Structures are given as C-alpha cells and as structure tokens.
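**Q** Pasting in a structure now, in structure tokens, and then I'll have a few things to ask.
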Amino acid sequence: MQQDDPHFEISRLLAGLINGTLTAEETARLEAWRQESPANKALYDRMTDPSFLSAELEHWEAEGQEQAKEQFFRKKYEAGRPAPAKIRYIFRYAAAVLLLLALAGGSVYLLRQEQKPLPVLQVEDMRADSSFLPRGNVAKLVMKNGHEVALKGEAEQEFEEEDGTRVKNGYSALRYQAHQQKADAETVYHTLVTPKGGEYTVMLADGTTARLNAASSLRFPTRFEGKERVVELSGEAYFEVAKDVQHPFIVKTARSLVRVLGTDFNVYAYTDMPEERTTLASGAVKVGHREQERGMILQPGFQAQVQAAVNEIKVVRADMEEALAWKNGLFVFNAASLGDILRQIGRWYDVDINCESSMERKFHFSGRIHRYENIAGVLELLEMTGKVRFQLQGRTLIVRPAAAKTT
C-alpha cells in the first residue's frame with residue numbers, strides 16, 4: 001500500500017484521531033475531508049463511534065487471546081508465571097495497536113468502495129434483505145465515569161456504580177435497586193441511549209418506568225433526592241410514574257417541562273421536529289415551557305403541543321391510537337404528513353431520507369402496520385396509494401412522486 005494514496009492518508013488521520021496523536025494541522029485536514037460529503041461524514045462517524053471500536057477490540061481479543069497468552073508465557077515468562085492482570089493489560093494494549101492498524105487498512109477499503117455507485121433496490125427487493133429490519137431491544141448505558149455498557153434484551157447483566165447503586169439488566173429492561181447511599185456521596189447520573197431502530201425500558205429507583213423509543217436518550221439520577229424527581233429526555237418515551245405526592249416527577253426536554261405526581265403519559269421531543277407533544281393516557285400533568293413556571297393542565301385523552309417559535313402551548317384532543325402506536329408495536333398514520341412518516345421510518349430503520357420538502361408537505365397518508373416488519377412492508381403500504389415510489393441506494397431512501405420514472 002503506497003503512502004501517497006489519498007485513501008491511506010485519510011485512514012492514517014482517522015487512526016491518529018482515535019489514538020489522540022493528531023496535530024492541529026492534521027485535525028483541520030481531517031475535518032475538511034469530513035465536511036466534503038455525507039458519505040465522508042458517515043464513514044467518519046462509524047470509525048470514531050466508541051461502541052463500534054469497543055466491539056472491534058473485543059473481537060480482536062476473542063480471536064487471538066488464547067494464542068497470544070500461550071506465546072506470551074512461553075517466550076517471555078518461562079521462568080515464572082506473571083500476574084494475570086498484567087497479562088490482560090499487555091495483551092489489551094497490543095490488541096489496541098493492532099486494531100488501529102486494521103482500521104487504517106479497513107477505512108482504505110471503505111473509502112475506495114465509496115467511489116463505486118451503490119446498487120439501487122426497489123421495494124420488492126428489500127424483503128429479502130435482513131439489514132432493513134429494526135434492531136429491537138438494544139441500547140447503551142453511559143455511567144458516571146463515561147464508561148458505556150452495551151445492553152441487549154436477552155442478556156442478563158449486573159453491575160455496581162461507585163455510589164453503591166446496583167443495576168440489573170434482563171428481559172429487555174434495566175432495573176435500579178433502592179440502596180443506602182455512601183456517606184458524602186454526590187448525586188450520580190446515568191444516561192440510557194437507544195440507537196436508530198432500537199428501544200429499551202428502564203425502571204428508575206423510585207419505581208417509575210420509562211420506555212424509550214428509537215434514537216432517544218434519558219438522563220436520570222441513580223437515586224432521587226430532594227423535593228423533586230427530575231429526568232431529562234431527548235427523543236420519545238412513555239412514562240408510568242410511581243405516585244409520590246410529596247415529590248413531583250418532572251420531565252425536562254429541550255423546550256418543555258412536564259410536571260406530574262403519578263400518571264401515564266407519552267413525551268415526543270425529537271430535536272429535528274417543529275413541535276414537542278405530550279400526550280396524557282391517565283392521571284393529570286402540567287405542561288409548560290422549560291424556562292417558565294406557568295403551564296397548561298392536561299386531562300386524559302388530550303395532547304399539549306409546544307413549538308420552538310411560539311410562546312403559547314396548544315392543547316388538542318389526542319388521537320391516542322396514533323400517539324401511542326409505537327409503544328404497542330405499530331405504525332399508525334391518520335392523515336399524517338409524508339414528512340412526519342419519513343422521519344419515523346428513518347429513525348426506526350436507520351436510513352437517511354432523500355425527499356423534496358415540497359413532497360413532505362403535499363402528501364398525507366392513513367394506515368396501520370406492524371412496526372417490526374421489514375422496511376418493505378411500510379413502504380409497500382405507502383406505494384399502494386399511488387402517490388409515491390421508493391428506492392434504496394445503500395442506506396439512503398429515495399422518495400419520488402409515483403408518476404416519476406425510476407432507474
């Protein structure tokens with residue numbers, strides 16, 4: 001592999017970024033390349049994703065651990081067995097170095113692949129492709145020290161935070177156990193993050209349950225102290241709040257503040273949407289702007305809508321089936337705009353959307369379908385209306401009017 005290969009140069013810069021050895025000039029060069037195209041940005045994001053790197057490193061370790069240990073003992077420590085902790089440290093360091101070299105070579109391959117046009121799939125071709133199924137019950141938990149724990153619904157895990165919190169994972173839910181906090185311990189926060197195509201449930205220390213939709217995050221304390229129980233949400237979640245009249249439960253989003261005592265409700269607060277929606281299933285909640293004390297009281301079956309550019313809060317009777325459809329494993333569209341539907345598809349199936357903004361506002365659709373279908377299922381439902389047609393190129397969903405010819 002030649003050193004003057006531009007693909008190798010970008011790969012070397014990516015490896016240097018991961019290793020923390022880039023100069024200011026190299027950092028600027030890499031950033032300029034990243035901004036050149038969406039494909040460059042996608043590759044950059046993948047190669048700098050901690051979960052991807054962690055998975056690759058674990059793969060390296062699993063593949064070569066036994067052989068490496070055997071050689072290590074034989075060649076370096078024939079006179080005596082070294083401490084296991086030291087062996088693991090040395091092996092992990094070596095594996096990390098090898099991984100960086102592999103990433104450099106791998107990114108060269110991916111960069112070169114970007115030069116070739118990706119195949120275009122029609123909707124009927126997508127059913128046989130398992131990569132267009134949602135991921136299901138997967139998430140990651142970010143702990144106080146920044147350590148990330150990969151969570152899967154079928155995996156049983158148990159670990160302890162430094163303040164004494166014990167956390168159990170299993171049956172597609174994360175559970176926090178009440179505990180006696182260590183003396184003088186500061187409040188510890190965790191963040192649960194779901195990827196595109198994933199969802200997960202967490203039972204907080206007070207017994208409140210929050211179920212997160214795809215591409216969402218919830219920041220919360222490992223135990224609640226003080227007069228209020230406060231969590232912060234980005235994305236969408238359905239809450240079943242444990243009743244505690246003395247300690248109101250508060251959900252903060254980018255724009256809204258939802259205050260409750262004990263009730264069931266859904267908060268839809270994606271940052272790429274023009275409005276946030278709080279839909280009440282039972283009980284009562286007070287919804288206001290994040291920086292204001294006043295707000296509107298909701299009754300069951302109603303929805304509060306908070307827009308970024310408008311100070312007032314709009315309260316409407318909710319379409320409960322549509323608002324809670326995701327929680328019940330469905331897509332339900334009742335005269336929903338194409339733009340709203342496409343954003344749901346993009347988050348759930350992890351695809352980018354290529355659609356003219358005029359089309360997003362022009363077309364509206366009604367229908368219902370199981371959410372765990374292959375992407376082809378929901379696209380076929382929309383194509384049956386005779387209004388739109390879809391193609392997939394890589395992970396980009398191309399949307400055209402039905403009358404337009406496709407190639």
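By convention here, the chains of the structure tokens are called A, B, ... in the order presented, each chain's residues are numbered starting at 1, and ligands are numbered starting at 1 in the order presented.
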Considering only C-alpha atoms, return as a ChimeraX atom specification whatever protein or nucleic-acid residues lie within 12 Å of Glu312 in chain A, sequence-local ones (same chain, fewer than 6 positions apart) excluded.
**A** /A:255-256,275,287-289,292,294-296,304-306
**Q** What would the file look like if the residues just selected were written as an mmCIF file, in the first residue's frame with all heavy atoms?
**A**
```cif
data_model
loop_
_atom_site.group_PDB
_atom_site.id
_atom_site.type_symbol
_atom_site.label_atom_id
_atom_site.label_comp_id
_atom_site.auth_asym_id
_atom_site.auth_seq_id
_atom_site.Cartn_x
_atom_site.Cartn_y
_atom_site.Cartn_z
ATOM 1 N N ARG A 255 -37.501 21.997 25.070
ATOM 2 C CA ARG A 255 -38.428 23.130 25.097
ATOM 3 C C ARG A 255 -39.427 23.067 26.249
ATOM 4 O O ARG A 255 -39.955 24.100 26.655
ATOM 5 C CB ARG A 255 -39.218 23.194 23.785
ATOM 6 C CG ARG A 255 -38.384 23.257 22.534
ATOM 7 C CD ARG A 255 -39.253 23.097 21.300
ATOM 8 N NE ARG A 255 -38.452 22.723 20.135
ATOM 9 C CZ ARG A 255 -38.939 22.178 19.044
ATOM 10 N NH1 ARG A 255 -40.235 21.946 18.955
ATOM 11 N NH2 ARG A 255 -38.156 21.866 18.035
ATOM 12 N N SER A 256 -39.736 21.857 26.723
ATOM 13 C CA SER A 256 -40.862 21.686 27.638
ATOM 14 C C SER A 256 -40.430 21.260 29.033
ATOM 15 O O SER A 256 -39.324 20.745 29.233
ATOM 16 C CB SER A 256 -41.842 20.641 27.086
ATOM 17 O OG SER A 256 -42.216 20.928 25.771
ATOM 18 N N GLU A 275 -42.282 20.630 16.631
ATOM 19 C CA GLU A 275 -43.006 20.759 17.892
ATOM 20 C C GLU A 275 -42.782 19.550 18.779
ATOM 21 O O GLU A 275 -42.430 18.466 18.298
ATOM 22 C CB GLU A 275 -44.510 20.933 17.639
ATOM 23 C CG GLU A 275 -45.187 19.718 17.049
ATOM 24 C CD GLU A 275 -46.677 19.927 16.796
ATOM 25 O OE1 GLU A 275 -47.111 21.100 16.799
ATOM 26 O OE2 GLU A 275 -47.385 18.931 16.586
ATOM 27 N N VAL A 287 -48.055 20.951 31.698
ATOM 28 C CA VAL A 287 -47.041 21.120 30.652
ATOM 29 C C VAL A 287 -46.780 22.606 30.450
ATOM 30 O O VAL A 287 -47.714 23.387 30.235
ATOM 31 C CB VAL A 287 -47.495 20.487 29.324
ATOM 32 C CG1 VAL A 287 -46.402 20.638 28.268
ATOM 33 C CG2 VAL A 287 -47.851 19.020 29.523
ATOM 34 N N GLY A 288 -45.513 22.995 30.525
ATOM 35 C CA GLY A 288 -45.139 24.386 30.306
ATOM 36 C C GLY A 288 -43.856 24.475 29.510
ATOM 37 O O GLY A 288 -43.220 23.463 29.202
ATOM 38 N N HIS A 289 -43.482 25.700 29.158
ATOM 39 C CA HIS A 289 -42.182 25.916 28.543
ATOM 40 C C HIS A 289 -41.097 25.671 29.589
ATOM 41 O O HIS A 289 -41.296 25.924 30.772
ATOM 42 C CB HIS A 289 -42.075 27.335 27.985
ATOM 43 C CG HIS A 289 -42.880 27.545 26.739
ATOM 44 N ND1 HIS A 289 -42.437 27.171 25.496
ATOM 45 C CD2 HIS A 289 -44.127 28.065 26.565
ATOM 46 C CE1 HIS A 289 -43.359 27.462 24.594
ATOM 47 N NE2 HIS A 289 -44.391 28.014 25.219
ATOM 48 N N GLN A 292 -40.273 28.418 32.107
ATOM 49 C CA GLN A 292 -41.376 29.136 32.734
ATOM 50 C C GLN A 292 -42.093 28.250 33.747
ATOM 51 O O GLN A 292 -42.198 27.046 33.562
ATOM 52 C CB GLN A 292 -42.377 29.607 31.665
ATOM 53 C CG GLN A 292 -41.774 30.582 30.653
ATOM 54 C CD GLN A 292 -42.777 30.961 29.577
ATOM 55 O OE1 GLN A 292 -43.906 30.484 29.582
ATOM 56 N NE2 GLN A 292 -42.353 31.826 28.662
ATOM 57 N N ARG A 294 -45.396 28.746 34.693
ATOM 58 C CA ARG A 294 -46.790 28.529 34.328
ATOM 59 C C ARG A 294 -46.896 27.458 33.247
ATOM 60 O O ARG A 294 -45.950 27.179 32.525
ATOM 61 C CB ARG A 294 -47.419 29.839 33.839
ATOM 62 C CG ARG A 294 -46.757 30.424 32.599
ATOM 63 C CD ARG A 294 -47.341 31.790 32.278
ATOM 64 N NE ARG A 294 -46.715 32.383 31.097
ATOM 65 C CZ ARG A 294 -47.113 32.120 29.864
ATOM 66 N NH1 ARG A 294 -48.114 31.288 29.648
ATOM 67 N NH2 ARG A 294 -46.506 32.705 28.842
ATOM 68 N N GLY A 295 -48.067 26.875 33.140
ATOM 69 C CA GLY A 295 -48.271 25.840 32.144
ATOM 70 C C GLY A 295 -49.744 25.486 32.029
ATOM 71 O O GLY A 295 -50.607 26.093 32.675
ATOM 72 N N MET A 296 -50.021 24.480 31.214
ATOM 73 C CA MET A 296 -51.388 24.036 30.974
ATOM 74 C C MET A 296 -51.604 22.676 31.626
ATOM 75 O O MET A 296 -50.757 21.785 31.519
ATOM 76 C CB MET A 296 -51.649 23.924 29.467
ATOM 77 C CG MET A 296 -51.408 25.223 28.692
ATOM 78 S SD MET A 296 -52.644 26.488 29.028
ATOM 79 C CE MET A 296 -54.072 25.776 28.230
ATOM 80 N N ALA A 304 -50.650 18.200 24.607
ATOM 81 C CA ALA A 304 -50.087 19.555 24.616
ATOM 82 C C ALA A 304 -48.991 19.631 23.575
ATOM 83 O O ALA A 304 -48.124 18.764 23.512
ATOM 84 C CB ALA A 304 -49.532 19.896 25.993
ATOM 85 N N GLN A 305 -49.053 20.687 22.758
ATOM 86 C CA GLN A 305 -48.076 20.869 21.688
ATOM 87 C C GLN A 305 -47.285 22.144 21.950
ATOM 88 O O GLN A 305 -47.862 23.219 22.110
ATOM 89 C CB GLN A 305 -48.779 20.938 20.332
ATOM 90 C CG GLN A 305 -49.581 19.679 20.012
ATOM 91 C CD GLN A 305 -50.419 19.797 18.759
ATOM 92 O OE1 GLN A 305 -50.545 20.877 18.182
ATOM 93 N NE2 GLN A 305 -51.011 18.691 18.318
ATOM 94 N N VAL A 306 -45.964 21.995 21.987
ATOM 95 C CA VAL A 306 -45.069 23.122 22.269
ATOM 96 C C VAL A 306 -44.179 23.338 21.065
ATOM 97 O O VAL A 306 -43.422 22.448 20.665
ATOM 98 C CB VAL A 306 -44.210 22.855 23.519
ATOM 99 C CG1 VAL A 306 -43.287 24.043 23.789
ATOM 100 C CG2 VAL A 306 -45.096 22.582 24.731
#
```
**Q** Report the residues of range 188-380 of chain A whose backbone DSSP state falls under strand (DSSP E), written as a PDB file with C-alpha atoms, in the first residue's frame.
**A**
```pdb
ATOM      1  CA  TYR A 189     -26.338  10.441  36.888  1.00  0.00           C
ATOM      2  CA  HIS A 190     -26.696   7.771  34.222  1.00  0.00           C
ATOM      3  CA  THR A 191     -27.873   8.171  30.629  1.00  0.00           C
ATOM      4  CA  LEU A 192     -29.750   5.498  28.702  1.00  0.00           C
ATOM      5  CA  VAL A 193     -29.367   5.871  24.921  1.00  0.00           C
ATOM      6  CA  TYR A 200     -35.494  -0.050  25.719  1.00  0.00           C
ATOM      7  CA  THR A 201     -37.151   0.155  29.127  1.00  0.00           C
ATOM      8  CA  VAL A 202     -35.691   1.388  32.409  1.00  0.00           C
ATOM      9  CA  MET A 203     -37.197   1.109  35.894  1.00  0.00           C
ATOM     10  CA  THR A 209     -40.877   3.045  34.360  1.00  0.00           C
ATOM     11  CA  ALA A 210     -39.731   4.797  31.178  1.00  0.00           C
ATOM     12  CA  ARG A 211     -39.817   3.084  27.801  1.00  0.00           C
ATOM     13  CA  LEU A 212     -37.605   4.802  25.217  1.00  0.00           C
ATOM     14  CA  SER A 217     -31.836   9.402  25.454  1.00  0.00           C
ATOM     15  CA  LEU A 218     -32.876   9.742  29.093  1.00  0.00           C
ATOM     16  CA  ARG A 219     -30.622  11.254  31.769  1.00  0.00           C
ATOM     17  CA  PHE A 220     -31.568  10.404  35.359  1.00  0.00           C
ATOM     18  CA  PRO A 221     -30.056  10.098  38.858  1.00  0.00           C
ATOM     19  CA  ARG A 229     -37.686  13.767  40.851  1.00  0.00           C
ATOM     20  CA  VAL A 230     -36.146  15.237  37.689  1.00  0.00           C
ATOM     21  CA  VAL A 231     -35.136  13.479  34.453  1.00  0.00           C
ATOM     22  CA  GLU A 232     -34.101  14.879  31.063  1.00  0.00           C
ATOM     23  CA  LEU A 233     -35.374  13.471  27.772  1.00  0.00           C
ATOM     24  CA  SER A 234     -34.359  13.833  24.146  1.00  0.00           C
ATOM     25  CA  GLY A 235     -36.476  11.847  21.694  1.00  0.00           C
ATOM     26  CA  GLU A 236     -39.576   9.923  22.754  1.00  0.00           C
ATOM     27  CA  ALA A 237     -40.543   7.954  25.849  1.00  0.00           C
ATOM     28  CA  TYR A 238     -43.639   6.587  27.555  1.00  0.00           C
ATOM     29  CA  PHE A 239     -43.643   7.089  31.330  1.00  0.00           C
ATOM     30  CA  GLU A 240     -45.530   5.215  34.043  1.00  0.00           C
ATOM     31  CA  PHE A 249     -41.860  13.885  38.912  1.00  0.00           C
ATOM     32  CA  ILE A 250     -40.533  16.281  36.266  1.00  0.00           C
ATOM     33  CA  VAL A 251     -39.526  15.561  32.657  1.00  0.00           C
ATOM     34  CA  LYS A 252     -37.342  18.230  31.055  1.00  0.00           C
ATOM     35  CA  SER A 256     -40.862  21.686  27.638  1.00  0.00           C
ATOM     36  CA  LEU A 257     -41.253  20.920  31.304  1.00  0.00           C
ATOM     37  CA  VAL A 258     -43.791  18.241  32.259  1.00  0.00           C
ATOM     38  CA  ARG A 259     -44.721  18.053  35.949  1.00  0.00           C
ATOM     39  CA  VAL A 260     -46.638  15.059  37.377  1.00  0.00           C
ATOM     40  CA  ASP A 264     -49.061   7.524  32.465  1.00  0.00           C
ATOM     41  CA  PHE A 265     -48.091   9.756  29.545  1.00  0.00           C
ATOM     42  CA  ASN A 266     -46.027   9.955  26.361  1.00  0.00           C
ATOM     43  CA  VAL A 267     -43.492  12.671  25.521  1.00  0.00           C
ATOM     44  CA  TYR A 268     -42.456  13.191  21.895  1.00  0.00           C
ATOM     45  CA  ALA A 269     -39.479  15.562  21.857  1.00  0.00           C
ATOM     46  CA  GLU A 275     -43.006  20.759  17.892  1.00  0.00           C
ATOM     47  CA  GLU A 276     -42.938  18.667  21.057  1.00  0.00           C
ATOM     48  CA  ARG A 277     -46.036  16.713  22.078  1.00  0.00           C
ATOM     49  CA  THR A 278     -47.073  15.448  25.492  1.00  0.00           C
ATOM     50  CA  THR A 279     -49.998  13.021  25.364  1.00  0.00           C
ATOM     51  CA  LEU A 280     -51.771  12.008  28.572  1.00  0.00           C
ATOM     52  CA  ALA A 281     -53.086   8.456  28.986  1.00  0.00           C
ATOM     53  CA  SER A 282     -54.226   8.667  32.626  1.00  0.00           C
ATOM     54  CA  VAL A 285     -49.917  16.546  34.090  1.00  0.00           C
ATOM     55  CA  LYS A 286     -48.921  20.186  33.838  1.00  0.00           C
ATOM     56  CA  VAL A 287     -47.041  21.120  30.652  1.00  0.00           C
ATOM     57  CA  GLY A 288     -45.139  24.386  30.306  1.00  0.00           C
ATOM     58  CA  HIS A 289     -42.182  25.916  28.543  1.00  0.00           C
ATOM     59  CA  MET A 296     -51.388  24.036  30.974  1.00  0.00           C
ATOM     60  CA  ILE A 297     -53.107  21.229  32.882  1.00  0.00           C
ATOM     61  CA  LEU A 298     -53.880  18.207  30.681  1.00  0.00           C
ATOM     62  CA  PHE A 302     -55.543  15.318  25.412  1.00  0.00           C
ATOM     63  CA  GLN A 303     -52.207  16.448  23.976  1.00  0.00           C
ATOM     64  CA  ALA A 304     -50.087  19.555  24.616  1.00  0.00           C
ATOM     65  CA  GLN A 305     -48.076  20.869  21.688  1.00  0.00           C
ATOM     66  CA  VAL A 306     -45.069  23.122  22.269  1.00  0.00           C
ATOM     67  CA  GLN A 307     -43.449  24.845  19.290  1.00  0.00           C
ATOM     68  CA  ILE A 313     -48.995  25.982  24.330  1.00  0.00           C
ATOM     69  CA  LYS A 314     -51.677  24.404  22.175  1.00  0.00           C
ATOM     70  CA  VAL A 315     -53.912  21.746  23.774  1.00  0.00           C
ATOM     71  CA  VAL A 316     -55.894  19.443  21.472  1.00  0.00           C
ATOM     72  CA  ARG A 317     -57.839  16.207  21.811  1.00  0.00           C
ATOM     73  CA  LEU A 330     -47.394  -0.416  15.441  1.00  0.00           C
ATOM     74  CA  PHE A 331     -47.134   2.344  12.895  1.00  0.00           C
ATOM     75  CA  VAL A 332     -50.489   4.158  12.821  1.00  0.00           C
ATOM     76  CA  PHE A 333     -50.969   7.045  10.380  1.00  0.00           C
ATOM     77  CA  ASN A 334     -54.187   9.072  10.422  1.00  0.00           C
ATOM     78  CA  ALA A 335     -53.799  11.709   7.695  1.00  0.00           C
ATOM     79  CA  ALA A 336     -50.125  12.014   8.714  1.00  0.00           C
ATOM     80  CA  SER A 337     -47.853  14.103   6.507  1.00  0.00           C
ATOM     81  CA  ASP A 352     -31.269   8.530   5.534  1.00  0.00           C
ATOM     82  CA  ILE A 353     -34.093  10.259   3.666  1.00  0.00           C
ATOM     83  CA  ASN A 354     -33.793  11.915   0.240  1.00  0.00           C
ATOM     84  CA  HIS A 364     -50.829  12.779   3.646  1.00  0.00           C
ATOM     85  CA  PHE A 365     -51.496   9.126   4.407  1.00  0.00           C
ATOM     86  CA  SER A 366     -53.608   6.881   6.618  1.00  0.00           C
ATOM     87  CA  GLY A 367     -52.928   3.251   7.508  1.00  0.00           C
ATOM     88  CA  ARG A 368     -51.563   0.868  10.127  1.00  0.00           C
ATOM     89  CA  ILE A 369     -48.889  -1.829  10.038  1.00  0.00           C
ATOM     90  CA  HIS A 370     -46.787  -3.849  12.461  1.00  0.00           C
TER      91      HIS A 370
END
```
**Q** Just how far from CA of Lys227 in chain A is CA of Val241 in chain A, in Å to one decimal?
**A**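 These two atoms are separated by 15.6 Å.
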**Q** If we count only C-alpha atoms and set the cut-off at 9 Å, which residues sit around Gly346 in chain A, ignoring sequence neighbours fewer than 5 positions away in its own chain? Please answer as a PDB file with C-alpha atoms, in the first residue's frame.
**A**
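File produced: out_1.pdb:
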```pdb
ATOM      1  CA  LYS A 196     -31.928   4.189  15.490  1.00  0.00           C
ATOM      2  CA  GLY A 197     -34.049   1.057  15.218  1.00  0.00           C
ATOM      3  CA  ILE A 341     -43.885   9.448   8.319  1.00  0.00           C
ATOM      4  CA  VAL A 351     -31.952   5.050   6.866  1.00  0.00           C
ATOM      5  CA  ASP A 352     -31.269   8.530   5.534  1.00  0.00           C
ATOM      6  CA  ILE A 353     -34.093  10.259   3.666  1.00  0.00           C
ATOM      7  CA  LEU A 397     -34.216   6.060   0.949  1.00  0.00           C
TER       8      LEU A 397
END
```
**Q** Could you find all residues in range 320-376 of chain A that DSSP calls alpha helix (DSSP H) from the backbone, and write them as a list in words?
**A**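 Answer for range 320-376 of chain A, restricted to alpha helix (DSSP H): Met320, Glu321, Glu322, Ala323, Leu338, Gly339, Asp340, Ile341, Leu342, Arg343, Gln344, Ile345, Gly346, Arg347, Trp348, Tyr349, Ser357, Ser358, Met359, Glu360, Arg361, Lys362, Ile375 and Ala376 of chain A.
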**Q** Could you tell me how far CA of Val120 in chain A lies from CA of Gln391 in chain A, in Å and to one decimal?
**A** 6.5 Å
**Q** Mind checking which residues fall within 6 Å of His247 in chain A, counting only C-alpha atoms, ignoring those fewer than 2 positions away in the same chain, and posting them as a VMD selection string?
**A** chain A and resid 227 to 228 244 to 245
**Q** Leaving out Asp350 in chain A and any residue of its chain fewer than 3 positions from it, which residues lie within 10 Å of it when counting only C-alpha atoms, given as a PyMOL selection string?
**A** chain A and resi 131-135+195-198+214-215+344-347+353+395-396
**Q** Go ahead and write the selection's residues with N, CA, C and O atoms as a short mmCIF file (atom, residue, chain, number, x, y, z; two decimals), in the first residue's frame.
**A**
```cif
data_model
loop_
_atom_site.label_atom_id
_atom_site.label_comp_id
_atom_site.auth_asym_id
_atom_site.auth_seq_id
_atom_site.Cartn_x
_atom_site.Cartn_y
_atom_site.Cartn_z
N SER A 131 -30.93 -6.62 6.64
CA SER A 131 -30.35 -5.39 7.19
C SER A 131 -31.38 -4.27 7.30
O SER A 131 -31.10 -3.24 7.90
N PHE A 132 -32.58 -4.48 6.73
CA PHE A 132 -33.61 -3.46 6.82
C PHE A 132 -34.72 -3.87 7.78
O PHE A 132 -35.87 -3.51 7.62
N LEU A 133 -34.33 -4.64 8.80
CA LEU A 133 -35.20 -4.92 9.94
C LEU A 133 -34.77 -4.02 11.10
O LEU A 133 -33.59 -3.68 11.23
N PRO A 134 -35.70 -3.62 11.97
CA PRO A 134 -35.30 -2.84 13.15
C PRO A 134 -34.44 -3.68 14.08
O PRO A 134 -34.46 -4.91 14.04
N ARG A 135 -33.67 -3.01 14.95
CA ARG A 135 -32.75 -3.71 15.85
C ARG A 135 -33.44 -4.31 17.07
O ARG A 135 -32.92 -5.24 17.69
N PRO A 195 -30.31 3.48 20.01
CA PRO A 195 -29.89 3.83 18.65
C PRO A 195 -31.09 3.91 17.73
O PRO A 195 -32.23 3.60 18.12
N LYS A 196 -30.88 4.31 16.49
CA LYS A 196 -31.93 4.19 15.49
C LYS A 196 -32.31 2.71 15.37
O LYS A 196 -31.45 1.84 15.33
N GLY A 197 -33.59 2.44 15.33
CA GLY A 197 -34.05 1.06 15.22
C GLY A 197 -34.13 0.31 16.53
O GLY A 197 -34.49 -0.86 16.56
N GLY A 198 -33.80 0.97 17.64
CA GLY A 198 -33.80 0.30 18.94
C GLY A 198 -34.80 0.92 19.90
O GLY A 198 -35.26 2.04 19.71
N ALA A 214 -36.90 4.75 19.56
CA ALA A 214 -35.62 4.79 18.84
C ALA A 214 -35.00 6.18 18.87
O ALA A 214 -35.69 7.20 18.95
N ALA A 215 -33.65 6.23 18.81
CA ALA A 215 -32.89 7.48 18.73
C ALA A 215 -33.26 8.44 19.86
O ALA A 215 -33.51 9.63 19.63
N GLN A 344 -40.18 9.08 10.96
CA GLN A 344 -40.36 7.87 11.76
C GLN A 344 -39.65 6.68 11.12
O GLN A 344 -38.99 5.90 11.81
N ILE A 345 -39.79 6.55 9.81
CA ILE A 345 -39.12 5.46 9.09
C ILE A 345 -37.61 5.58 9.23
O ILE A 345 -36.90 4.59 9.46
N GLY A 346 -37.08 6.79 9.07
CA GLY A 346 -35.64 6.99 9.16
C GLY A 346 -35.08 6.60 10.51
O GLY A 346 -34.03 5.97 10.60
N ARG A 347 -35.80 6.98 11.60
CA ARG A 347 -35.33 6.65 12.94
C ARG A 347 -35.44 5.15 13.24
O ARG A 347 -34.58 4.58 13.90
N ILE A 353 -32.97 9.95 4.53
CA ILE A 353 -34.09 10.26 3.67
C ILE A 353 -33.68 11.28 2.61
O ILE A 353 -33.11 12.32 2.93
N ARG A 395 -27.96 3.01 2.28
CA ARG A 395 -28.93 3.23 3.36
C ARG A 395 -29.62 4.58 3.19
O ARG A 395 -30.05 5.21 4.17
N THR A 396 -29.75 5.01 1.94
CA THR A 396 -30.48 6.23 1.63
C THR A 396 -31.79 5.87 0.94
O THR A 396 -31.78 5.20 -0.09
#
```
**Q** Taking only C-alpha atoms into account, which of A:Ser130, A:Arg290, A:Arg389, A:Leu30 comes nearest Tyr372 in chain A?
**A**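 Of the candidates, the smallest distance to Tyr372 in chain A is held by A:Ser130.
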